[in-house]
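As stored in coords-v1.cif (mmCIF, C-alpha atoms):
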```
data_work
#
loop_
_atom_site.label_atom_id
_atom_site.label_comp_id
_atom_site.auth_asym_id
_atom_site.auth_seq_id
_atom_site.Cartn_x
_atom_site.Cartn_y
_atom_site.Cartn_z
CA MET A 1 -58.10 46.86 -13.57
CA ALA A 2 -55.24 47.95 -15.84
CA LYS A 3 -52.47 45.44 -16.34
CA PRO A 4 -48.98 46.40 -15.15
CA ASP A 5 -46.19 46.88 -17.67
CA SER A 6 -45.57 43.35 -18.95
CA SER A 7 -41.89 43.94 -19.71
CA ALA A 8 -41.08 45.11 -16.19
CA THR A 9 -43.18 42.32 -14.68
CA GLU A 10 -41.42 39.66 -16.74
CA GLN A 11 -37.97 41.05 -15.91
CA LEU A 12 -38.68 41.02 -12.17
CA TYR A 13 -40.20 37.55 -12.40
CA SER A 14 -37.17 36.25 -14.31
CA LEU A 15 -34.91 37.47 -11.49
CA ILE A 16 -37.02 35.71 -8.85
CA ALA A 17 -37.51 32.55 -10.91
CA ASN A 18 -33.82 32.52 -11.96
CA GLU A 19 -34.59 31.76 -15.60
CA GLU A 20 -33.87 33.67 -18.82
CA ASP A 21 -37.37 33.26 -20.30
CA ALA A 22 -39.91 34.49 -17.77
CA ARG A 23 -42.66 32.68 -19.65
CA ALA A 24 -40.90 29.31 -19.71
CA CYS A 25 -42.96 26.49 -18.22
CA SER A 26 -43.35 22.82 -18.97
CA ASP A 27 -46.59 21.67 -17.36
CA LEU A 28 -48.98 24.48 -18.39
CA PRO A 29 -50.71 25.26 -21.72
CA ASP A 30 -48.98 27.84 -23.92
CA SER A 31 -51.74 30.41 -23.31
CA ALA A 32 -51.30 30.06 -19.54
CA CYS A 33 -47.51 30.43 -19.85
CA GLN A 34 -47.97 33.88 -21.34
CA GLU A 35 -49.60 35.11 -18.11
CA VAL A 36 -47.35 33.40 -15.55
CA PRO A 37 -45.34 36.51 -14.49
CA ARG A 38 -48.44 38.68 -13.95
CA ASN A 39 -50.32 35.89 -12.16
CA PHE A 40 -47.26 35.19 -10.01
CA PHE A 41 -47.24 38.71 -8.60
CA LEU A 42 -51.02 38.94 -8.19
CA ILE A 43 -51.04 35.73 -6.14
CA LEU A 44 -47.97 36.95 -4.23
CA VAL A 45 -49.61 40.25 -3.22
CA CYS A 46 -52.85 38.51 -2.24
CA ASN A 47 -50.94 36.08 -0.03
CA VAL A 48 -49.01 38.88 1.68
CA LEU A 49 -52.20 40.86 2.37
CA THR A 50 -54.00 37.88 3.89
CA LYS A 51 -50.98 36.85 5.98
CA LEU A 52 -50.94 40.31 7.53
CA GLY A 53 -54.69 40.08 8.09
CA ASP A 54 -54.21 36.72 9.83
CA LEU A 55 -51.93 38.37 12.40
CA LEU A 56 -54.57 40.98 13.16
CA VAL A 57 -57.25 38.35 13.89
CA SER A 58 -55.03 35.70 15.49
CA PRO A 59 -57.13 33.60 17.91
CA LYS A 60 -54.07 33.02 20.10
CA THR A 61 -53.40 36.73 20.68
CA VAL A 62 -55.74 39.46 19.44
CA LEU A 63 -59.09 37.64 19.66
CA THR A 64 -58.21 36.13 23.05
CA TRP A 65 -57.36 39.58 24.38
CA LEU A 66 -60.57 41.01 22.95
CA LEU A 67 -62.79 38.39 24.61
CA GLY A 68 -61.15 39.12 27.96
CA ALA A 69 -61.47 42.85 27.43
CA VAL A 70 -65.20 42.74 26.63
CA GLY A 71 -65.87 40.46 29.61
CA ALA A 72 -66.36 37.05 27.96
CA PRO A 73 -63.22 35.07 28.89
CA ALA A 74 -65.06 31.72 29.07
CA LEU A 75 -65.44 31.75 25.26
CA VAL A 76 -61.67 31.79 24.66
CA ALA A 77 -61.54 27.98 24.58
CA TRP A 78 -63.62 27.96 21.37
CA LEU A 79 -61.41 30.27 19.33
CA VAL A 80 -58.65 27.98 18.05
CA PRO A 81 -60.91 24.95 17.29
CA ILE A 82 -63.36 27.12 15.35
CA ARG A 83 -60.58 29.00 13.55
CA GLU A 84 -58.80 25.85 12.36
CA SER A 85 -61.41 23.10 12.08
CA GLY A 86 -64.19 25.39 10.88
CA SER A 87 -62.27 26.07 7.69
CA MET A 88 -61.26 22.42 7.12
CA VAL A 89 -64.15 20.13 8.02
CA PRO A 90 -66.62 21.40 5.34
CA GLN A 91 -64.04 21.20 2.56
CA LEU A 92 -65.25 17.88 1.18
CA ALA A 93 -68.53 19.52 0.25
CA ILE A 94 -66.84 22.77 -0.79
CA GLY A 95 -64.33 20.88 -2.94
CA ALA A 96 -67.09 18.92 -4.67
CA TRP A 97 -68.78 22.21 -5.58
CA VAL A 98 -65.58 23.91 -6.70
CA ARG A 99 -64.52 20.99 -8.95
CA ARG A 100 -67.67 21.42 -11.07
CA LYS A 101 -66.55 24.89 -12.21
CA PRO A 102 -63.98 25.37 -15.01
CA VAL A 103 -62.70 28.69 -13.55
CA ARG A 104 -62.19 28.73 -9.78
CA LYS A 105 -60.61 32.06 -8.90
CA TRP A 106 -64.05 33.44 -8.06
CA PHE A 107 -64.33 31.04 -5.12
CA TRP A 108 -61.19 32.55 -3.60
CA SER A 109 -62.54 36.08 -4.09
CA LEU A 110 -65.85 35.00 -2.55
CA GLY A 111 -64.00 33.55 0.44
CA ALA A 112 -61.97 36.75 0.84
CA LEU A 113 -65.16 38.82 0.78
CA GLY A 114 -66.69 36.56 3.44
CA GLN A 115 -63.63 36.99 5.64
CA ALA A 116 -63.71 40.76 5.18
CA ILE A 117 -67.38 40.91 6.21
CA SER A 118 -66.86 38.63 9.23
CA VAL A 119 -63.86 40.61 10.52
CA ALA A 120 -65.86 43.84 10.12
CA ALA A 121 -68.63 42.16 12.15
CA MET A 122 -66.08 41.40 14.90
CA ALA A 123 -65.13 45.07 15.00
CA ALA A 124 -68.81 46.06 15.18
CA SER A 125 -69.41 43.59 18.04
CA VAL A 126 -66.56 45.09 20.05
CA HIS A 127 -67.66 48.66 19.36
CA PHE A 128 -71.43 48.38 19.84
CA LEU A 129 -71.91 45.44 22.26
CA GLU A 130 -70.67 44.56 25.73
CA GLY A 131 -70.02 41.44 27.82
CA TYR A 132 -71.10 38.07 26.48
CA ALA A 133 -73.21 39.70 23.76
CA ALA A 134 -69.99 41.06 22.26
CA GLY A 135 -68.24 37.74 22.88
CA TYR A 136 -70.91 35.72 21.09
CA GLY A 137 -70.80 38.23 18.24
CA ILE A 138 -67.05 37.65 17.86
CA VAL A 139 -67.41 33.85 17.98
CA ALA A 140 -70.30 33.86 15.48
CA ALA A 141 -68.28 36.05 13.12
CA LEU A 142 -65.33 33.66 13.52
CA VAL A 143 -67.54 30.78 12.34
CA VAL A 144 -68.31 32.70 9.13
CA PHE A 145 -64.64 33.64 8.84
CA SER A 146 -63.55 29.98 9.04
CA LEU A 147 -66.15 28.76 6.56
CA SER A 148 -65.11 31.49 4.12
CA ARG A 149 -61.50 30.48 4.59
CA GLY A 150 -62.42 26.98 3.44
CA PHE A 151 -63.30 28.34 -0.02
CA CYS A 152 -59.96 30.14 -0.21
CA SER A 153 -57.99 27.07 0.83
CA VAL A 154 -59.51 24.80 -1.81
CA ALA A 155 -59.42 27.38 -4.60
CA MET A 156 -55.88 28.68 -3.96
CA LYS A 157 -54.12 25.36 -4.50
CA ASP A 158 -56.07 24.69 -7.67
CA VAL A 159 -55.59 28.16 -9.16
CA GLN A 160 -51.91 28.13 -8.24
CA GLY A 161 -51.51 24.71 -9.85
CA LYS A 162 -53.15 26.01 -13.07
CA CYS A 163 -51.32 29.37 -13.22
CA ILE A 164 -47.84 28.75 -11.76
CA PRO A 165 -45.52 26.07 -13.25
CA LYS A 166 -43.83 23.33 -11.25
CA GLY A 167 -40.54 24.40 -9.76
CA ARG A 168 -41.86 27.89 -8.99
CA ARG A 169 -44.73 27.16 -6.58
CA GLY A 170 -42.61 26.64 -3.50
CA ARG A 171 -40.68 29.81 -4.34
CA LEU A 172 -43.96 31.75 -4.55
CA SER A 173 -45.18 30.45 -1.18
CA GLY A 174 -41.83 31.07 0.47
CA LEU A 175 -41.52 34.62 -0.84
CA ALA A 176 -45.09 35.42 0.24
CA THR A 177 -44.42 34.12 3.74
CA THR A 178 -41.14 36.06 3.98
CA LEU A 179 -42.73 39.34 2.89
CA GLY A 180 -45.76 38.74 5.12
CA GLY A 181 -43.52 37.92 8.06
CA THR A 182 -41.41 41.04 7.56
CA THR A 183 -44.55 43.18 7.51
CA THR A 184 -45.89 41.58 10.67
CA VAL A 185 -42.56 42.20 12.43
CA ALA A 186 -42.99 45.92 11.77
CA LEU A 187 -46.59 45.79 12.97
CA THR A 188 -45.68 43.89 16.13
CA ILE A 189 -43.04 46.49 17.02
CA LEU A 190 -45.64 49.20 16.46
CA LEU A 191 -48.17 47.46 18.72
CA PHE A 192 -45.79 46.86 21.63
CA ARG A 193 -43.39 49.77 21.27
CA ASP A 194 -44.49 51.23 24.63
CA GLY A 195 -44.26 47.92 26.49
CA GLY A 196 -47.96 47.87 27.24
CA GLU A 197 -51.21 46.77 25.66
CA PRO A 198 -53.00 49.06 23.18
CA SER A 199 -56.52 50.23 23.95
CA LEU A 200 -59.68 48.39 22.95
CA GLN A 201 -60.42 51.10 20.41
CA PHE A 202 -57.03 50.58 18.78
CA TYR A 203 -57.66 46.84 18.41
CA THR A 204 -61.08 47.61 16.91
CA LEU A 205 -59.46 49.84 14.29
CA LEU A 206 -56.98 47.07 13.55
CA LEU A 207 -59.90 44.71 12.82
CA VAL A 208 -61.36 47.25 10.41
CA PHE A 209 -57.95 47.52 8.74
CA ALA A 210 -57.77 43.71 8.48
CA ALA A 211 -61.20 43.62 6.81
CA LEU A 212 -59.94 46.10 4.19
CA LEU A 213 -56.90 43.90 3.53
CA TRP A 214 -59.10 40.92 2.64
CA LEU A 215 -61.37 43.10 0.52
CA VAL A 216 -58.43 44.39 -1.54
CA ALA A 217 -57.00 40.87 -1.85
CA GLY A 218 -60.32 39.57 -3.19
CA VAL A 219 -60.43 42.25 -5.89
CA LEU A 220 -56.82 41.57 -6.95
CA PHE A 221 -57.35 37.80 -7.10
CA ALA A 222 -60.35 38.29 -9.39
CA ASN A 223 -57.94 39.83 -11.94
CA ILE A 224 -55.86 36.64 -12.30
CA ASP A 225 -55.91 35.18 -15.84
CA GLU A 226 -57.00 31.59 -15.20
CA TYR A 227 -57.61 29.20 -18.09
CA THR A 228 -60.60 26.87 -17.97
CA GLY A 229 -59.83 23.47 -16.47
CA GLU A 230 -61.40 20.08 -15.94
CA THR A 231 -64.83 19.79 -14.35
CA GLY A 232 -66.39 16.90 -12.50
CA GLY A 233 -69.82 15.36 -12.86
CA GLY A 234 -73.02 17.15 -12.00
CA GLY A 235 -73.80 15.11 -8.93
CA HIS A 236 -74.87 16.56 -5.61
CA ALA A 237 -72.00 18.14 -3.72
CA LEU A 238 -72.45 15.95 -0.61
CA GLY A 239 -72.62 12.80 -2.72
CA GLN A 240 -69.46 13.81 -4.54
CA ALA A 241 -67.83 14.55 -1.20
CA ILE A 242 -68.60 11.09 0.16
CA LYS A 243 -67.39 9.54 -3.07
CA SER A 244 -64.11 11.45 -2.74
CA LEU A 245 -63.37 9.65 0.52
CA GLY A 246 -62.66 6.59 -1.61
CA LEU A 247 -59.30 8.19 -2.37
CA LEU A 248 -58.10 7.09 1.07
CA ARG A 249 -58.91 3.49 0.21
CA ASP A 250 -57.71 3.41 -3.40
CA ASP A 251 -54.82 5.89 -3.51
CA ALA A 252 -51.96 4.60 -1.33
CA PRO A 253 -49.56 7.58 -1.85
CA PHE A 254 -52.31 10.03 -0.91
CA ARG A 255 -53.24 7.94 2.15
CA GLN A 256 -49.62 8.00 3.30
CA PHE A 257 -49.53 11.78 2.81
CA VAL A 258 -52.65 12.28 4.97
CA ILE A 259 -51.17 10.11 7.74
CA THR A 260 -47.94 12.12 7.57
CA ARG A 261 -49.76 15.45 7.65
CA ALA A 262 -51.77 14.37 10.70
CA LEU A 263 -48.61 13.45 12.60
CA LEU A 264 -46.97 16.74 11.62
CA LEU A 265 -49.72 18.70 13.40
CA CYS A 266 -47.31 18.66 16.33
CA SER A 267 -45.46 21.71 15.00
CA ALA A 268 -48.66 23.79 15.13
CA LEU A 269 -50.17 22.44 18.35
CA ALA A 270 -47.03 22.70 20.50
CA ALA A 271 -46.68 26.49 20.19
CA PRO A 272 -49.43 27.52 22.69
CA TYR A 273 -47.92 25.30 25.37
CA LEU A 274 -44.60 27.12 25.16
CA VAL A 275 -46.58 30.31 25.79
CA LEU A 276 -48.24 28.69 28.83
CA LEU A 277 -44.87 27.71 30.30
CA ALA A 278 -43.65 31.29 29.90
CA GLN A 279 -46.81 32.70 31.48
CA ASN A 280 -46.22 30.58 34.58
CA SER A 281 -42.95 32.41 35.19
CA ASN A 282 -44.67 35.69 36.19
CA GLU A 283 -42.25 37.72 34.09
CA SER A 284 -43.07 41.09 32.52
CA GLY A 285 -45.82 41.79 30.03
CA TRP A 286 -43.23 42.11 27.27
CA LEU A 287 -43.41 38.33 26.84
CA LEU A 288 -46.54 38.44 24.65
CA GLY A 289 -44.89 40.89 22.28
CA SER A 290 -41.76 38.73 22.18
CA PHE A 291 -43.79 35.69 21.12
CA LEU A 292 -45.48 37.67 18.34
CA LEU A 293 -42.10 38.99 17.22
CA ALA A 294 -40.59 35.49 17.33
CA SER A 295 -43.43 34.12 15.21
CA SER A 296 -43.08 36.87 12.61
CA LEU A 297 -39.29 36.63 12.44
CA ALA A 298 -39.39 32.84 12.10
CA SER A 299 -41.49 33.14 8.97
CA SER A 300 -39.56 36.01 7.42
CA VAL A 301 -36.08 34.52 7.87
CA SER A 302 -36.90 30.95 6.86
CA ALA A 303 -39.78 30.81 4.40
CA SER A 304 -37.87 31.74 1.24
CA VAL A 305 -35.16 29.19 2.09
CA TRP A 306 -37.83 26.53 2.68
CA GLY A 307 -39.47 27.55 -0.61
CA TRP A 308 -36.30 27.06 -2.64
CA MET A 309 -35.68 23.74 -0.91
CA ALA A 310 -39.28 22.64 -1.56
CA ASP A 311 -38.83 23.21 -5.29
CA ARG A 312 -36.05 20.62 -5.15
CA SER A 313 -37.77 18.20 -2.75
CA SER A 314 -40.86 19.10 -0.74
CA ARG A 315 -40.63 15.68 0.94
CA GLN A 316 -37.20 16.46 2.39
CA VAL A 317 -38.48 19.83 3.64
CA MET A 318 -41.25 18.04 5.57
CA ILE A 319 -38.73 15.60 7.05
CA LEU A 320 -36.32 18.32 8.19
CA GLY A 321 -39.09 20.49 9.64
CA ALA A 322 -40.53 17.53 11.54
CA VAL A 323 -37.12 16.57 12.96
CA ILE A 324 -36.47 20.12 14.20
CA ALA A 325 -39.92 20.37 15.82
CA SER A 326 -39.63 16.94 17.41
CA VAL A 327 -36.15 17.50 18.87
CA LEU A 328 -37.14 20.89 20.29
CA CYS A 329 -40.34 19.57 21.89
CA LEU A 330 -38.69 16.49 23.35
CA ALA A 331 -35.76 18.52 24.74
CA THR A 332 -38.05 21.17 26.26
CA GLY A 333 -40.39 18.57 27.70
CA LEU A 334 -37.59 16.48 29.24
CA ILE A 335 -35.85 19.51 30.77
CA THR A 336 -39.05 20.84 32.35
CA VAL A 337 -40.20 17.41 33.57
CA ALA A 338 -36.82 16.68 35.15
CA GLY A 339 -36.17 20.09 36.66
CA GLY A 340 -39.60 21.69 37.00
CA GLU A 341 -41.29 24.32 34.86
CA ASP A 342 -39.03 27.01 36.30
CA ARG A 343 -35.87 25.19 35.19
CA LEU A 344 -35.68 27.40 32.11
CA SER A 345 -35.81 31.18 32.07
CA ALA A 346 -39.08 32.63 30.80
CA TRP A 347 -37.14 34.27 28.00
CA ALA A 348 -35.92 30.88 26.78
CA TYR A 349 -39.44 30.05 25.66
CA PRO A 350 -39.71 32.81 23.02
CA ALA A 351 -36.39 31.53 21.65
CA ALA A 352 -37.81 28.00 21.52
CA PHE A 353 -40.98 29.45 19.97
CA PHE A 354 -38.81 31.04 17.28
CA VAL A 355 -37.12 27.73 16.40
CA LEU A 356 -40.47 25.93 16.43
CA GLY A 357 -41.84 28.63 14.11
CA ILE A 358 -39.03 27.92 11.64
CA ALA A 359 -39.80 24.20 11.80
CA HIS A 360 -43.53 24.79 11.36
CA ALA A 361 -42.92 27.05 8.35
CA GLY A 362 -40.96 24.21 6.74
CA VAL A 363 -43.58 21.58 7.55
CA ARG A 364 -46.42 23.78 6.31
CA LEU A 365 -44.73 24.93 3.10
CA GLY A 366 -43.39 21.46 2.37
CA ARG A 367 -46.73 19.69 2.66
CA LYS A 368 -48.53 22.41 0.65
CA THR A 369 -46.01 22.17 -2.19
CA TYR A 370 -46.06 18.36 -2.03
CA LEU A 371 -49.84 18.27 -2.34
CA VAL A 372 -49.92 20.64 -5.33
CA ASP A 373 -47.12 18.73 -7.11
CA MET A 374 -48.45 15.21 -6.52
CA ALA A 375 -51.70 15.69 -8.47
CA GLY A 376 -53.21 17.55 -11.39
CA GLY A 377 -56.65 18.44 -12.69
CA ASN A 378 -59.59 17.54 -10.46
CA LYS A 379 -57.38 15.28 -8.33
CA ARG A 380 -55.68 18.36 -6.90
CA THR A 381 -59.01 19.75 -5.70
CA ASP A 382 -60.12 16.36 -4.34
CA TYR A 383 -56.79 15.83 -2.54
CA THR A 384 -57.05 19.26 -0.93
CA SER A 385 -60.67 18.93 0.20
CA VAL A 386 -60.36 15.35 1.51
CA SER A 387 -57.11 15.95 3.39
CA ASN A 388 -58.25 19.27 4.89
CA THR A 389 -61.57 17.79 6.06
CA LEU A 390 -59.89 14.86 7.78
CA ILE A 391 -57.17 17.03 9.30
CA GLY A 392 -59.86 19.39 10.63
CA LEU A 393 -61.52 16.49 12.45
CA LEU A 394 -58.19 15.16 13.72
CA LEU A 395 -57.33 18.61 15.05
CA LEU A 396 -60.31 18.34 17.39
CA VAL A 397 -59.30 14.81 18.46
CA ILE A 398 -55.62 15.60 19.07
CA GLY A 399 -56.61 18.88 20.71
CA GLY A 400 -58.85 16.93 23.09
CA ILE A 401 -56.04 14.51 23.93
CA SER A 402 -53.68 17.42 24.54
CA ALA A 403 -56.25 19.13 26.77
CA LEU A 404 -56.60 15.93 28.78
CA LEU A 405 -52.83 15.53 29.14
CA SER A 406 -52.52 19.17 30.19
CA THR A 407 -54.45 18.30 33.37
CA VAL A 408 -51.37 16.25 34.29
CA SER A 409 -48.82 18.89 33.26
CA VAL A 410 -47.93 21.08 30.32
CA PRO A 411 -44.50 19.40 29.79
CA VAL A 412 -46.26 16.04 29.34
CA VAL A 413 -48.26 17.53 26.45
CA ILE A 414 -45.07 18.85 24.86
CA LEU A 415 -43.46 15.41 25.16
CA PHE A 416 -46.52 13.81 23.55
CA LEU A 417 -46.40 16.24 20.63
CA GLY A 418 -42.64 15.76 20.28
CA GLY A 419 -43.20 12.00 19.97
CA MET A 420 -45.82 12.67 17.29
CA GLY A 421 -43.29 14.74 15.38
CA ALA A 422 -40.70 11.95 15.49
CA VAL A 423 -43.18 9.45 14.04
CA GLY A 424 -44.22 12.09 11.49
CA ALA A 425 -40.62 12.50 10.29
CA TRP A 426 -40.40 8.73 9.77
CA SER A 427 -43.73 8.75 7.91
CA ALA A 428 -42.55 11.60 5.66
CA TYR A 429 -39.38 9.61 4.91
CA ARG A 430 -41.60 6.82 3.56
CA LEU A 431 -43.36 9.16 1.11
CA GLN A 432 -42.49 9.05 -2.59
CA GLU A 433 -40.87 12.09 -4.15
CA ALA A 434 -43.49 14.28 -5.86
#
```
Spit out the file's structure as structure tokens when you get a sec.
Amino acid sequence: MAKPDSSATEQLYSLIANEEDARACSDLPDSACQEVPRNFFLILVCNVLTKLGDLLVSPKTVLTWLLGAVGAPALVAWLVPIRESGSMVPQLAIGAWVRRKPVRKWFWSLGALGQAISVAAMAASVHFLEGYAAGYGIVAALVVFSLSRGFCSVAMKDVQGKCIPKGRRGRLSGLATTLGGTTTVALTILLFRDGGEPSLQFYTLLLVFAALLWLVAGVLFANIDEYTGETGGGGHALGQAIKSLGLLRDDAPFRQFVITRALLLCSALAAPYLVLLAQNSNESGWLLGSFLLASSLASSVSASVWGWMADRSSRQVMILGAVIASVLCLATGLITVAGGEDRLSAWAYPAAFFVLGIAHAGVRLGRKTYLVDMAGGNKRTDYTSVSNTLIGLLLLVIGGISALLSTVSVPVVILFLGGMGAVGAWSAYRLQEA
């Protein structure tokens, strides 16, 4: 692939990075500094493409609708656990494999190709199969999708740490989220412009489009100029994975970060319960579109701000995001417990969803930037794989607790998650600055 004009790329990068020398960096080798502007934009475009693809295969909206449409609604309960934990739990083994390779961009491209193939398989299941056969095809493809995503998650942080200097990583993530959110706003308006649900065929074409997005992203990422880095020993991947767990015992700052990240899951897990409260109101079908729009707008209006703040202190970004999420969940839970689930208008929940989306964007971007900044070399890969594996398991545990509490009432679950967020803010306060 031909390289873009370096002068124009460096000028645009210097405007975004707010520095006179677009190649200035302090923690990268000189050869890597020469390619920072080009790598910055390649990673940016890849992130935007995959964020748009994520909207098109969201387990909370599109895939849930598809399972109901093909006649397999009982499988809906498996979507979110597979989507989240399936990409995290195997990362100890994936990380041990990745750390043995001096150049790791190929793992991201491999993961993107796997996601493209799995999303295309979902589209084929919907088009050629019916009933539970189609449903099982979607779920099986989602397993492959999640496993492929694990490769991308481990490789992205390491490649970004090797190719983008400190002080610019949060800005890159924030800008990618803002651009991706703006694009998804436009797509959401397109989907729900008539106030109804598009046809099954239209959703199938969207899945094909999403597969193409990941395919293009994989090709672009392969063109990143990544210098060779440290490699680990030649031991078996599983043995290396088990050995990596010793980080929790020996590395106190990392252990505190994992505890904090687990508590901050509240900002992600509370969102579906706001949707449930709105669904109980029996309002119009426009509510689903309003939640998608709220989610997209929350990312687009806040991510760049969070990114700039994270470059100054990713720890403070996590604290602020956790406080916002906790206060919103506790207030919503207390109001609905005291006055009943119909105490608030159904349209208040998309507004709350919007604020929670802003908080979650801060928590997510803050902890990603903190993890990249707190380690270098192979430690960065080990930190990512160990923390993601443990968080994947804890997602299943906390999800089970939330499901149990939901048998009592949805507001009780929201109160529980709000309490988690409050403790998480305190835990983030105890972290050291990266």
Can you list every residue of stretch 116-183 of chain A that has an atom at most 12 Å from stretch 213-218 of chain A, with its nearest atom pair and the distance in Å to one decimal, using all atoms listed in the file, ordered by chain then number, as JSON lines?
```
{"residue": "A:Ala116", "atom": "CA", "partner": "A:Trp214", "partner_atom": "CA", "distance": 5.3}
{"residue": "A:Ile117", "atom": "CA", "partner": "A:Leu215", "partner_atom": "CA", "distance": 8.6}
{"residue": "A:Ser118", "atom": "CA", "partner": "A:Trp214", "partner_atom": "CA", "distance": 10.4}
{"residue": "A:Val119", "atom": "CA", "partner": "A:Trp214", "partner_atom": "CA", "distance": 9.2}
{"residue": "A:Ala120", "atom": "CA", "partner": "A:Trp214", "partner_atom": "CA", "distance": 10.5}
{"residue": "A:Phe145", "atom": "CA", "partner": "A:Trp214", "partner_atom": "CA", "distance": 11.1}
{"residue": "A:Ser148", "atom": "CA", "partner": "A:Trp214", "partner_atom": "CA", "distance": 11.3}
{"residue": "A:Arg149", "atom": "CA", "partner": "A:Trp214", "partner_atom": "CA", "distance": 10.9}
{"residue": "A:Cys152", "atom": "CA", "partner": "A:Gly218", "partner_atom": "CA", "distance": 9.9}
{"residue": "A:Met156", "atom": "CA", "partner": "A:Gly218", "partner_atom": "CA", "distance": 11.8}
```
Translate the PyMOL selection byres ((chain A and resi 47-58) around 8) into a concrete residue list for this structure, as a list in words.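 In the shown coordinates, the PyMOL selection byres ((chain A and resi 47-58) around 8) covers Ile43, Leu44, Val45, Cys46, Pro59, Lys60, Thr61, Val62, Leu63, Val119, Ala176, Thr177, Leu179, Gly180, Gly181, Thr183, Thr184, Leu206, Leu207, Ala210, Ala211, Leu213, Trp214 and Ala217 of chain A.
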Residue IDs satisfying the PyMOL selection byres ((chain A and resi 121) around 12), as a PDB file with C-alpha atoms, in the frame of the given file:
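As a result, selection15.pdb now contains:
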```
ATOM      1  CA  GLY A 114     -66.690  36.560   3.440  1.00  0.00           C
ATOM      2  CA  GLN A 115     -63.630  36.990   5.640  1.00  0.00           C
ATOM      3  CA  ALA A 116     -63.710  40.760   5.180  1.00  0.00           C
ATOM      4  CA  ILE A 117     -67.380  40.910   6.210  1.00  0.00           C
ATOM      5  CA  SER A 118     -66.860  38.630   9.230  1.00  0.00           C
ATOM      6  CA  VAL A 119     -63.860  40.610  10.520  1.00  0.00           C
ATOM      7  CA  ALA A 120     -65.860  43.840  10.120  1.00  0.00           C
ATOM      8  CA  MET A 122     -66.080  41.400  14.900  1.00  0.00           C
ATOM      9  CA  ALA A 123     -65.130  45.070  15.000  1.00  0.00           C
ATOM     10  CA  ALA A 124     -68.810  46.060  15.180  1.00  0.00           C
ATOM     11  CA  SER A 125     -69.410  43.590  18.040  1.00  0.00           C
ATOM     12  CA  VAL A 126     -66.560  45.090  20.050  1.00  0.00           C
ATOM     13  CA  HIS A 127     -67.660  48.660  19.360  1.00  0.00           C
ATOM     14  CA  PHE A 128     -71.430  48.380  19.840  1.00  0.00           C
ATOM     15  CA  LEU A 129     -71.910  45.440  22.260  1.00  0.00           C
ATOM     16  CA  ALA A 134     -69.990  41.060  22.260  1.00  0.00           C
ATOM     17  CA  GLY A 135     -68.240  37.740  22.880  1.00  0.00           C
ATOM     18  CA  TYR A 136     -70.910  35.720  21.090  1.00  0.00           C
ATOM     19  CA  GLY A 137     -70.800  38.230  18.240  1.00  0.00           C
ATOM     20  CA  ILE A 138     -67.050  37.650  17.860  1.00  0.00           C
ATOM     21  CA  VAL A 139     -67.410  33.850  17.980  1.00  0.00           C
ATOM     22  CA  ALA A 140     -70.300  33.860  15.480  1.00  0.00           C
ATOM     23  CA  ALA A 141     -68.280  36.050  13.120  1.00  0.00           C
ATOM     24  CA  LEU A 142     -65.330  33.660  13.520  1.00  0.00           C
ATOM     25  CA  VAL A 143     -67.540  30.780  12.340  1.00  0.00           C
ATOM     26  CA  VAL A 144     -68.310  32.700   9.130  1.00  0.00           C
ATOM     27  CA  PHE A 145     -64.640  33.640   8.840  1.00  0.00           C
ATOM     28  CA  THR A 204     -61.080  47.610  16.910  1.00  0.00           C
ATOM     29  CA  LEU A 207     -59.900  44.710  12.820  1.00  0.00           C
ATOM     30  CA  VAL A 208     -61.360  47.250  10.410  1.00  0.00           C
ATOM     31  CA  ALA A 210     -57.770  43.710   8.480  1.00  0.00           C
ATOM     32  CA  ALA A 211     -61.200  43.620   6.810  1.00  0.00           C
TER      33      ALA A 211
END
```
Between atom CA of A:Ile82 and atom CA of A:Phe209, measure the distance and give it in Å to one decimal. 22.1 Å
A:Thr188 surroundings by all atoms listed in the file, 8 Å radius, close-in-sequence under 5 positions cut, as a PyMOL selection string: chain A and resi 289+292-293
Go ahead and fit an axis-aligned box to every listed atom of stretch 314-323 of chain A plus 4 Å each side, and pass me the centre and edge lengths in Å, one decimal, as JSON.
```
{"center_x": -38.8, "center_y": 18.0, "center_z": 6.1, "size_x": 12.9, "size_y": 12.9, "size_z": 21.7}
```
Contacts of A:Gly321 at 7 Å or less, counting only C-alpha atoms, minus same-chain residues fewer than 6 places along, as a ChimeraX atom specification? /A:359-360,362-363
Around (-36.7, 13.9, 5.5), as given in the file, which residues come within 12 Å? Count only C-alpha atoms and list them as a PyMOL selection string. chain A and resi 260+309-310+313-324+362-363+366-367+421-433
